[in-house]
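data.txt follows; it contains compact mmCIF, C-alpha atoms.
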```
# COMPACT_ATOMS: atom_id res chain seq x y z
CA MET P 188 0.00 0.00 0.00
CA THR P 189 1.41 3.39 -0.97
CA THR P 190 0.69 6.53 0.95
CA THR P 191 -0.16 9.80 -0.66
CA THR P 192 0.57 12.16 2.21
CA GLY P 193 4.24 11.61 2.99
CA THR P 194 3.51 9.65 6.20
CA ASN P 195 3.72 5.95 6.93
CA ASP P 196 0.92 5.96 9.50
CA ARG P 197 -1.55 3.25 8.51
CA ASP P 198 -4.41 5.60 9.43
CA SER P 199 -3.17 8.28 7.05
CA VAL P 200 -5.05 9.05 3.86
CA SER P 201 -3.94 6.17 1.70
CA ASP P 202 -4.27 4.38 -1.58
CA VAL P 203 -5.97 1.02 -1.00
CA ARG P 204 -5.13 -0.64 -4.32
CA GLY P 205 -4.84 -4.37 -3.84
CA LEU P 206 -6.69 -4.43 -0.50
CA ARG P 207 -9.97 -6.30 -0.31
CA ASP P 208 -12.26 -8.00 2.18
CA ALA P 209 -15.23 -10.36 1.94
CA LEU P 210 -17.26 -7.62 0.28
CA GLY P 211 -14.69 -7.02 -2.47
CA PRO P 212 -11.98 -4.43 -3.23
CA LEU P 213 -11.73 -1.48 -0.87
CA ARG P 214 -12.53 1.94 -2.30
CA ASP P 215 -10.14 4.83 -2.17
CA ARG P 216 -10.77 6.81 0.99
CA GLU P 217 -10.36 10.20 -0.68
CA GLN P 218 -12.67 9.40 -3.57
CA VAL P 219 -15.38 8.24 -1.18
CA ALA P 220 -15.01 11.46 0.82
CA LEU P 221 -15.21 13.64 -2.29
CA ARG P 222 -18.48 12.01 -3.33
CA LEU P 223 -19.89 12.44 0.16
CA LEU P 224 -18.85 16.09 0.24
CA GLU P 225 -20.61 16.65 -3.08
CA SER P 226 -23.75 15.00 -1.74
CA SER P 227 -23.56 17.08 1.45
CA ALA P 228 -23.41 20.27 -0.61
CA LYS P 229 -26.61 19.28 -2.43
CA HIS P 230 -28.63 17.63 0.32
CA SER P 231 -28.05 19.25 3.70
CA PHE P 232 -30.74 20.91 5.77
CA ASP P 233 -31.16 23.56 8.43
CA PRO P 234 -33.93 22.18 10.67
CA ASP P 235 -34.65 25.59 12.17
CA ARG P 236 -35.59 26.87 8.70
CA GLU P 237 -36.89 23.70 7.04
CA LEU P 238 -39.42 22.65 9.68
CA ASP P 239 -42.53 24.39 10.98
CA TRP P 240 -41.88 24.35 14.70
CA ASP P 241 -44.75 26.70 15.51
CA SER P 242 -47.60 24.57 14.15
CA PRO P 243 -49.70 22.85 16.84
CA TRP P 244 -49.82 19.08 17.13
CA GLU P 245 -52.62 17.49 15.11
CA ASP P 246 -55.32 15.75 17.12
CA GLY P 247 -55.36 11.98 16.89
CA LYS P 248 -51.99 11.61 15.17
CA TRP P 249 -49.21 9.49 16.59
CA TYR P 250 -45.79 10.70 17.69
CA TRP P 251 -44.15 7.38 16.81
CA PRO P 252 -45.43 4.39 14.82
CA PRO P 253 -47.44 2.21 17.22
CA GLU P 254 -45.75 -0.95 15.90
CA LEU P 255 -42.40 0.47 17.07
CA VAL P 256 -43.61 1.32 20.58
CA SER P 257 -41.96 -1.05 23.06
CA LEU P 258 -45.21 -2.49 24.51
CA TYR P 259 -47.02 -2.97 21.20
CA ASP P 260 -49.07 -6.20 21.10
CA THR P 261 -48.33 -7.10 24.73
CA PRO P 262 -51.11 -7.92 27.23
CA LEU P 263 -50.48 -4.54 28.84
CA TRP P 264 -50.85 -2.77 25.48
CA ARG P 265 -54.19 -4.46 24.92
CA ARG P 266 -55.43 -3.13 28.26
CA MET P 267 -54.34 0.45 27.54
CA SER P 268 -56.68 3.04 26.08
CA GLU P 269 -55.88 4.59 22.72
CA GLU P 270 -55.03 7.87 24.48
CA GLN P 271 -52.62 6.11 26.83
CA ARG P 272 -50.97 4.30 23.90
CA GLN P 273 -50.42 7.61 22.12
CA GLU P 274 -49.10 9.14 25.33
CA LEU P 275 -46.59 6.28 25.63
CA ALA P 276 -45.55 6.87 22.02
CA ARG P 277 -44.97 10.57 22.82
CA HIS P 278 -42.70 9.71 25.74
CA GLU P 279 -40.85 7.00 23.83
CA LEU P 280 -40.17 9.52 21.06
CA ALA P 281 -38.58 11.81 23.69
CA SER P 282 -36.60 8.85 25.06
CA LEU P 283 -35.30 7.94 21.59
CA CYS P 284 -34.36 11.55 20.85
CA SER P 285 -32.48 11.66 24.16
CA LEU P 286 -30.65 8.46 23.26
CA GLY P 287 -29.87 9.88 19.81
CA ILE P 288 -28.30 13.01 21.30
CA TRP P 289 -26.19 10.90 23.67
CA PHE P 290 -24.89 8.77 20.82
CA GLU P 291 -24.25 11.74 18.55
CA VAL P 292 -22.23 13.57 21.21
CA ILE P 293 -20.12 10.42 21.62
CA LEU P 294 -19.77 10.09 17.85
CA MET P 295 -18.62 13.68 17.47
CA GLN P 296 -15.87 13.08 20.03
CA LEU P 297 -14.78 9.90 18.25
CA LEU P 298 -14.65 11.68 14.89
CA VAL P 299 -12.53 14.48 16.32
CA ARG P 300 -10.12 11.89 17.70
CA HIS P 301 -10.06 10.11 14.35
CA VAL P 302 -8.96 13.19 12.38
CA TYR P 303 -6.71 14.75 15.02
CA ASP P 304 -3.44 13.51 13.46
CA LYS P 305 -4.56 13.50 9.83
CA PRO P 306 -3.85 16.01 7.03
CA VAL P 307 -6.27 18.89 7.55
CA THR P 308 -6.75 19.54 3.83
CA SER P 309 -7.66 15.97 2.89
CA PRO P 310 -11.24 15.32 1.70
CA HIS P 311 -11.48 12.52 4.29
CA VAL P 312 -10.90 15.01 7.11
CA ARG P 313 -13.13 17.63 5.48
CA TYR P 314 -15.96 15.12 5.33
CA ALA P 315 -15.46 14.13 8.98
CA LEU P 316 -15.79 17.81 9.92
CA THR P 317 -18.89 18.06 7.71
CA GLU P 318 -20.40 15.10 9.51
CA ILE P 319 -19.64 16.67 12.89
CA ALA P 320 -21.53 19.76 11.74
CA ASP P 321 -24.44 17.54 10.66
CA GLU P 322 -24.48 15.82 14.04
CA CYS P 323 -24.48 19.16 15.85
CA ARG P 324 -27.60 20.16 13.91
CA HIS P 325 -29.21 16.77 14.55
CA SER P 326 -28.61 17.01 18.29
CA MET P 327 -30.12 20.48 18.41
CA MET P 328 -33.05 19.27 16.28
CA PHE P 329 -33.73 16.34 18.60
CA ALA P 330 -33.49 18.57 21.66
CA ARG P 331 -35.97 20.99 20.14
CA LEU P 332 -38.32 18.12 19.30
CA ILE P 333 -38.18 16.85 22.90
CA GLU P 334 -39.06 20.33 24.11
CA LYS P 335 -41.88 20.56 21.59
CA THR P 336 -43.44 17.27 22.76
CA GLY P 337 -43.67 18.55 26.33
CA ALA P 338 -42.18 15.27 27.55
CA PRO P 339 -38.99 15.31 29.63
CA ALA P 340 -35.58 14.39 28.33
CA TYR P 341 -34.59 10.85 29.28
CA PRO P 342 -30.85 10.60 29.98
CA VAL P 343 -29.30 7.15 30.05
CA PRO P 344 -28.59 5.74 33.54
CA ARG P 345 -25.51 7.19 35.20
CA LEU P 346 -23.74 3.81 35.07
CA TYR P 347 -23.94 3.67 31.28
CA HIS P 348 -23.24 7.36 30.91
CA ASN P 349 -19.94 6.82 32.72
CA LEU P 350 -19.24 3.49 31.02
CA ALA P 351 -19.44 5.35 27.70
CA ARG P 352 -16.65 7.62 28.93
CA VAL P 353 -14.45 4.54 29.20
CA LEU P 354 -15.56 3.01 25.90
CA LYS P 355 -14.92 6.17 23.90
CA THR P 356 -11.57 6.70 25.64
CA VAL P 357 -10.19 3.23 24.94
CA SER P 358 -12.00 2.68 21.65
CA THR P 359 -9.86 1.64 18.71
CA THR P 360 -10.35 3.38 15.36
CA PRO P 361 -12.35 0.46 13.92
CA GLY P 362 -14.20 0.25 17.24
CA SER P 363 -15.22 3.88 16.89
CA PHE P 364 -16.74 3.32 13.47
CA ALA P 365 -18.44 0.09 14.54
CA ALA P 366 -20.01 1.97 17.46
CA ALA P 367 -21.04 4.78 15.12
CA LEU P 368 -22.90 2.30 12.93
CA LEU P 369 -24.60 0.76 15.98
CA GLY P 370 -25.92 4.18 16.98
CA GLU P 371 -26.97 5.09 13.45
CA GLU P 372 -28.35 2.10 11.61
CA ILE P 373 -31.06 0.74 13.95
CA LEU P 374 -32.59 4.17 14.52
CA ASP P 375 -32.23 4.85 10.79
CA TRP P 376 -34.28 1.73 10.00
CA MET P 377 -37.02 2.89 12.34
CA GLN P 378 -37.00 6.41 10.94
CA ARG P 379 -37.32 5.09 7.38
CA LEU P 380 -40.63 3.62 8.51
CA THR P 381 -41.61 6.86 10.23
CA PHE P 382 -41.25 9.71 7.75
CA PRO P 383 -43.63 8.32 5.07
CA ASP P 384 -46.26 7.29 7.66
CA GLU P 385 -49.30 9.57 7.36
CA ARG P 386 -50.61 8.44 10.76
CA LEU P 387 -47.82 10.46 12.38
CA GLN P 388 -47.44 14.09 13.34
CA PRO P 389 -46.05 16.12 10.39
CA LEU P 390 -43.24 17.59 12.50
CA VAL P 391 -42.04 14.14 13.55
CA ARG P 392 -42.11 13.03 9.92
CA GLY P 393 -40.11 16.11 8.93
CA VAL P 394 -37.47 15.53 11.60
CA THR P 395 -37.02 11.88 10.65
CA ARG P 396 -36.88 12.71 6.94
CA ILE P 397 -33.97 15.13 7.46
CA HIS P 398 -32.18 12.65 9.69
CA VAL P 399 -32.57 9.75 7.24
CA ILE P 400 -31.25 11.75 4.27
CA GLU P 401 -28.18 13.03 6.11
CA GLU P 402 -27.49 9.83 8.03
CA ALA P 403 -27.25 7.87 4.79
CA ARG P 404 -23.94 9.67 4.13
CA HIS P 405 -22.73 9.05 7.66
CA VAL P 406 -23.43 5.33 7.35
CA ARG P 407 -21.56 5.16 4.04
CA TYR P 408 -18.53 6.95 5.55
CA ALA P 409 -18.46 4.70 8.63
CA ARG P 410 -18.94 1.48 6.64
CA GLU P 411 -16.14 2.29 4.21
CA GLU P 412 -13.75 3.27 7.00
CA LEU P 413 -14.61 0.23 9.13
CA ARG P 414 -13.90 -2.06 6.18
CA ARG P 415 -10.54 -0.38 5.68
CA GLN P 416 -9.64 -0.54 9.35
CA MET P 417 -10.58 -4.21 9.73
CA VAL P 418 -8.23 -5.06 6.85
CA THR P 419 -5.29 -2.91 7.98
CA ALA P 420 -5.52 -3.00 11.80
CA PRO P 421 -3.23 -5.34 13.78
CA ARG P 422 -4.80 -8.44 15.27
CA TRP P 423 -4.98 -7.09 18.84
CA GLU P 424 -6.92 -4.08 17.63
CA ARG P 425 -9.40 -6.19 15.70
CA GLU P 426 -9.96 -8.39 18.76
CA LEU P 427 -10.49 -5.38 21.03
CA THR P 428 -12.89 -3.94 18.48
CA ARG P 429 -14.98 -7.12 18.53
CA LEU P 430 -15.25 -6.99 22.31
CA SER P 431 -15.95 -3.26 22.59
CA CYS P 432 -18.56 -3.43 19.83
CA GLY P 433 -20.32 -6.32 21.57
CA GLU P 434 -20.30 -4.45 24.86
CA ALA P 435 -21.66 -1.35 23.11
CA ALA P 436 -24.51 -3.46 21.68
CA CYS P 437 -25.44 -4.60 25.19
CA VAL P 438 -25.44 -1.03 26.50
CA PHE P 439 -27.46 0.18 23.50
CA SER P 440 -30.17 -2.46 23.99
CA VAL P 441 -30.50 -1.69 27.71
CA CYS P 442 -30.67 2.08 27.14
CA PHE P 443 -32.88 2.05 24.05
CA ILE P 444 -36.06 3.03 25.92
CA SER P 445 -35.90 4.52 29.41
CA PRO P 446 -38.11 2.56 31.85
CA THR P 447 -39.13 5.90 33.34
CA VAL P 448 -41.43 6.43 30.34
CA TYR P 449 -43.77 3.77 31.76
CA GLU P 450 -44.08 5.50 35.11
CA ASN P 451 -44.74 8.83 33.39
CA VAL P 452 -47.78 7.44 31.57
CA GLY P 453 -49.21 5.77 34.66
CA LEU P 454 -48.01 2.20 34.12
CA ASP P 455 -46.35 -0.13 36.59
CA ARG P 456 -42.68 0.09 35.72
CA ARG P 457 -41.75 -3.46 36.68
CA GLU P 458 -44.66 -5.02 34.80
CA ALA P 459 -44.05 -2.90 31.69
CA VAL P 460 -40.31 -3.67 31.58
CA ALA P 461 -41.01 -7.40 31.98
CA GLN P 462 -43.60 -7.43 29.20
CA ALA P 463 -41.43 -5.44 26.82
CA ARG P 464 -38.53 -7.85 27.41
CA ALA P 465 -40.76 -10.89 26.91
CA SER P 466 -42.44 -9.52 23.78
CA GLY P 467 -41.78 -11.57 20.66
CA HIS P 468 -42.90 -8.63 18.56
CA ARG P 469 -40.41 -6.30 20.23
CA ARG P 470 -37.60 -8.81 19.82
CA GLU P 471 -38.43 -9.15 16.13
CA VAL P 472 -38.51 -5.36 15.69
CA MET P 473 -35.09 -4.90 17.27
CA GLN P 474 -33.48 -7.80 15.41
CA THR P 475 -35.01 -6.72 12.10
CA GLY P 476 -33.79 -3.17 12.68
CA ALA P 477 -30.29 -4.47 13.38
CA ARG P 478 -30.14 -7.11 10.65
CA ARG P 479 -28.62 -5.00 7.91
CA LEU P 480 -25.95 -3.87 10.37
CA THR P 481 -25.23 -7.31 11.83
CA ASP P 482 -24.98 -8.83 8.36
CA PHE P 483 -22.42 -6.19 7.43
CA LEU P 484 -20.45 -6.57 10.67
CA ASP P 485 -20.40 -10.31 10.15
CA ASP P 486 -19.08 -9.88 6.60
CA VAL P 487 -16.22 -7.61 7.70
CA GLY P 488 -15.16 -9.82 10.61
CA VAL P 489 -16.50 -7.93 13.64
CA LEU P 490 -19.01 -10.54 14.87
CA ARG P 491 -16.60 -13.20 16.04
CA GLY P 492 -15.68 -14.91 19.30
CA PRO P 493 -16.81 -13.38 22.61
CA GLY P 494 -18.00 -10.26 20.78
CA ARG P 495 -20.58 -12.31 18.90
CA ARG P 496 -21.83 -13.82 22.16
CA LEU P 497 -22.25 -10.31 23.54
CA TRP P 498 -24.32 -9.35 20.49
CA ARG P 499 -26.56 -12.36 21.12
CA ALA P 500 -26.87 -11.39 24.78
CA SER P 501 -27.94 -7.89 23.70
CA GLY P 502 -30.96 -9.35 21.88
CA LEU P 503 -30.00 -7.59 18.65
CA LEU P 504 -28.63 -10.74 16.99
CA ALA P 505 -30.79 -13.84 16.62
```
Take the structure in the file and give it back as structure tokens.
Amino acid sequence: MTTTTGTNDRDSVSDVRGLRDALGPLRDREQVALRLLESSAKHSFDPDRELDWDSPWEDGKWYWPPELVSLYDTPLWRRMSEEQRQELARHELASLCSLGIWFEVILMQLLVRHVYDKPVTSPHVRYALTEIADECRHSMMFARLIEKTGAPAYPVPRLYHNLARVLKTVSTTPGSFAAALLGEEILDWMQRLTFPDERLQPLVRGVTRIHVIEEARHVRYAREELRRQMVTAPRWERELTRLSCGEAACVFSVCFISPTVYENVGLDRREAVAQARASGHRREVMQTGARRLTDFLDDVGVLRGPGRRLWRASGLLA
């Protein structure tokens, strides 16, 4: 492999001719970044200007697709009134937005670390900075949506908040991009079902539409870089990545919906948590949402050994 930047660092902007993985030849990092920068120039949004934040909520419309609500089709769900179901959907939307902000703040830190030692004029670094700007807007958009719903923000438990400090501090470069995909792809799958759904509030559909369009570039960037890293990283780094990614999957599944949402809509927290965990429908939703990601991670060698067992323990891998 020849470098194009005058450095022999394997993480430098490099020509990948001759490198391949199970998915085929690796693409040139700079060419991928240039295409993503071009797409960003054409298809980026300012949520403050694009969305009508002042319009009132529409009566009878959902805040989140009922099929994606954690208690859908459980005995408890069947006992709830339609108003209580919609109220739960409103709070789960706020919980998911809170989770999204948490992940995006972590991702921004990981991206800054990734580019810290790289050539500042390279398209790869320019795109990373573009993505950070996107994630800043997304976090502000989600925070504004939480405020608009009137529901509280739902921070992750303090244990996992602090565990994330450790994970993002010790994360390898491939581990950072694997974690980025974990935080992006499952929510992206759900949002692709949300923005065309006419049962939902127009503002929610608008928020998810913006996020889906811009996240598609982020997923492409992370997938291409993870492929490259899993080919070029030393063995110890690949093994650590498998473990950290599996641990991140476990944390993600635990934190996905805050149990406090059940209390805030008048449900028994213990009963609701137990029914959500036992729900075959919920398990299918989460595994279906993760399948495109887990198939990809399997192809590039991330889902192996103890890391794979952690993914199974998370409930995201069948």
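Among P:Ile397, P:Ala463, P:Leu354, P:Val418, the residue with the shortest atom-to-atom distance to P:Leu210, counting all atoms listed in the file, is P:Val418.
Taking atom CA of P:Ile288 and atom CA of P:Met377 as endpoints, the distance between them is 16.1 Å.
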Notebook entry, point to check: What does the distance from atom CA of P:Ala465 to atom CA of P:Pro253 come to in Å, to one decimal?
Noted result: 17.6 Å
Answer as a compact mmCIF listing (two decimals) with C-alpha atoms, in the coordinates of the input, residues within 12 Å of (-24.6, 16.5, 0.4) using all atoms listed in the file:
```txt
# COMPACT_ATOMS: atom_id res chain seq x y z
CA ALA P 220 -15.01 11.46 0.82
CA LEU P 221 -15.21 13.64 -2.29
CA ARG P 222 -18.48 12.01 -3.33
CA LEU P 223 -19.89 12.44 0.16
CA LEU P 224 -18.85 16.09 0.24
CA GLU P 225 -20.61 16.65 -3.08
CA SER P 226 -23.75 15.00 -1.74
CA SER P 227 -23.56 17.08 1.45
CA ALA P 228 -23.41 20.27 -0.61
CA LYS P 229 -26.61 19.28 -2.43
CA HIS P 230 -28.63 17.63 0.32
CA SER P 231 -28.05 19.25 3.70
CA PHE P 232 -30.74 20.91 5.77
CA TYR P 314 -15.96 15.12 5.33
CA THR P 317 -18.89 18.06 7.71
CA GLU P 318 -20.40 15.10 9.51
CA ASP P 321 -24.44 17.54 10.66
CA ILE P 397 -33.97 15.13 7.46
CA ILE P 400 -31.25 11.75 4.27
CA GLU P 401 -28.18 13.03 6.11
CA GLU P 402 -27.49 9.83 8.03
CA ALA P 403 -27.25 7.87 4.79
CA ARG P 404 -23.94 9.67 4.13
CA HIS P 405 -22.73 9.05 7.66
```
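For the choices P:Leu503, P:Ala281, P:Val391, P:Leu213, the atom-to-atom distance to P:Ile373 is smallest for P:Leu503 when using all atoms listed in the file.
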Distance cut-off 7 Å, centre (-22.8, -5.1, 15.6) in file coordinates, counting all atoms listed in the file: which residues qualify? Return them as an mmCIF file with C-alpha atoms, keeping the file's coordinate frame.
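Final file, point-v2.cif:
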```cif
data_model
loop_
_atom_site.group_PDB
_atom_site.id
_atom_site.type_symbol
_atom_site.label_atom_id
_atom_site.label_comp_id
_atom_site.auth_asym_id
_atom_site.auth_seq_id
_atom_site.Cartn_x
_atom_site.Cartn_y
_atom_site.Cartn_z
ATOM 1 C CA ALA P 365 -18.440 0.090 14.540
ATOM 2 C CA LEU P 369 -24.600 0.760 15.980
ATOM 3 C CA CYS P 432 -18.560 -3.430 19.830
ATOM 4 C CA GLY P 433 -20.320 -6.320 21.570
ATOM 5 C CA ALA P 436 -24.510 -3.460 21.680
ATOM 6 C CA LEU P 480 -25.950 -3.870 10.370
ATOM 7 C CA THR P 481 -25.230 -7.310 11.830
ATOM 8 C CA LEU P 484 -20.450 -6.570 10.670
ATOM 9 C CA LEU P 490 -19.010 -10.540 14.870
ATOM 10 C CA TRP P 498 -24.320 -9.350 20.490
#
```
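Atom CA of P:Asp455 is found 23.3 Å from atom CA of P:Ile333.
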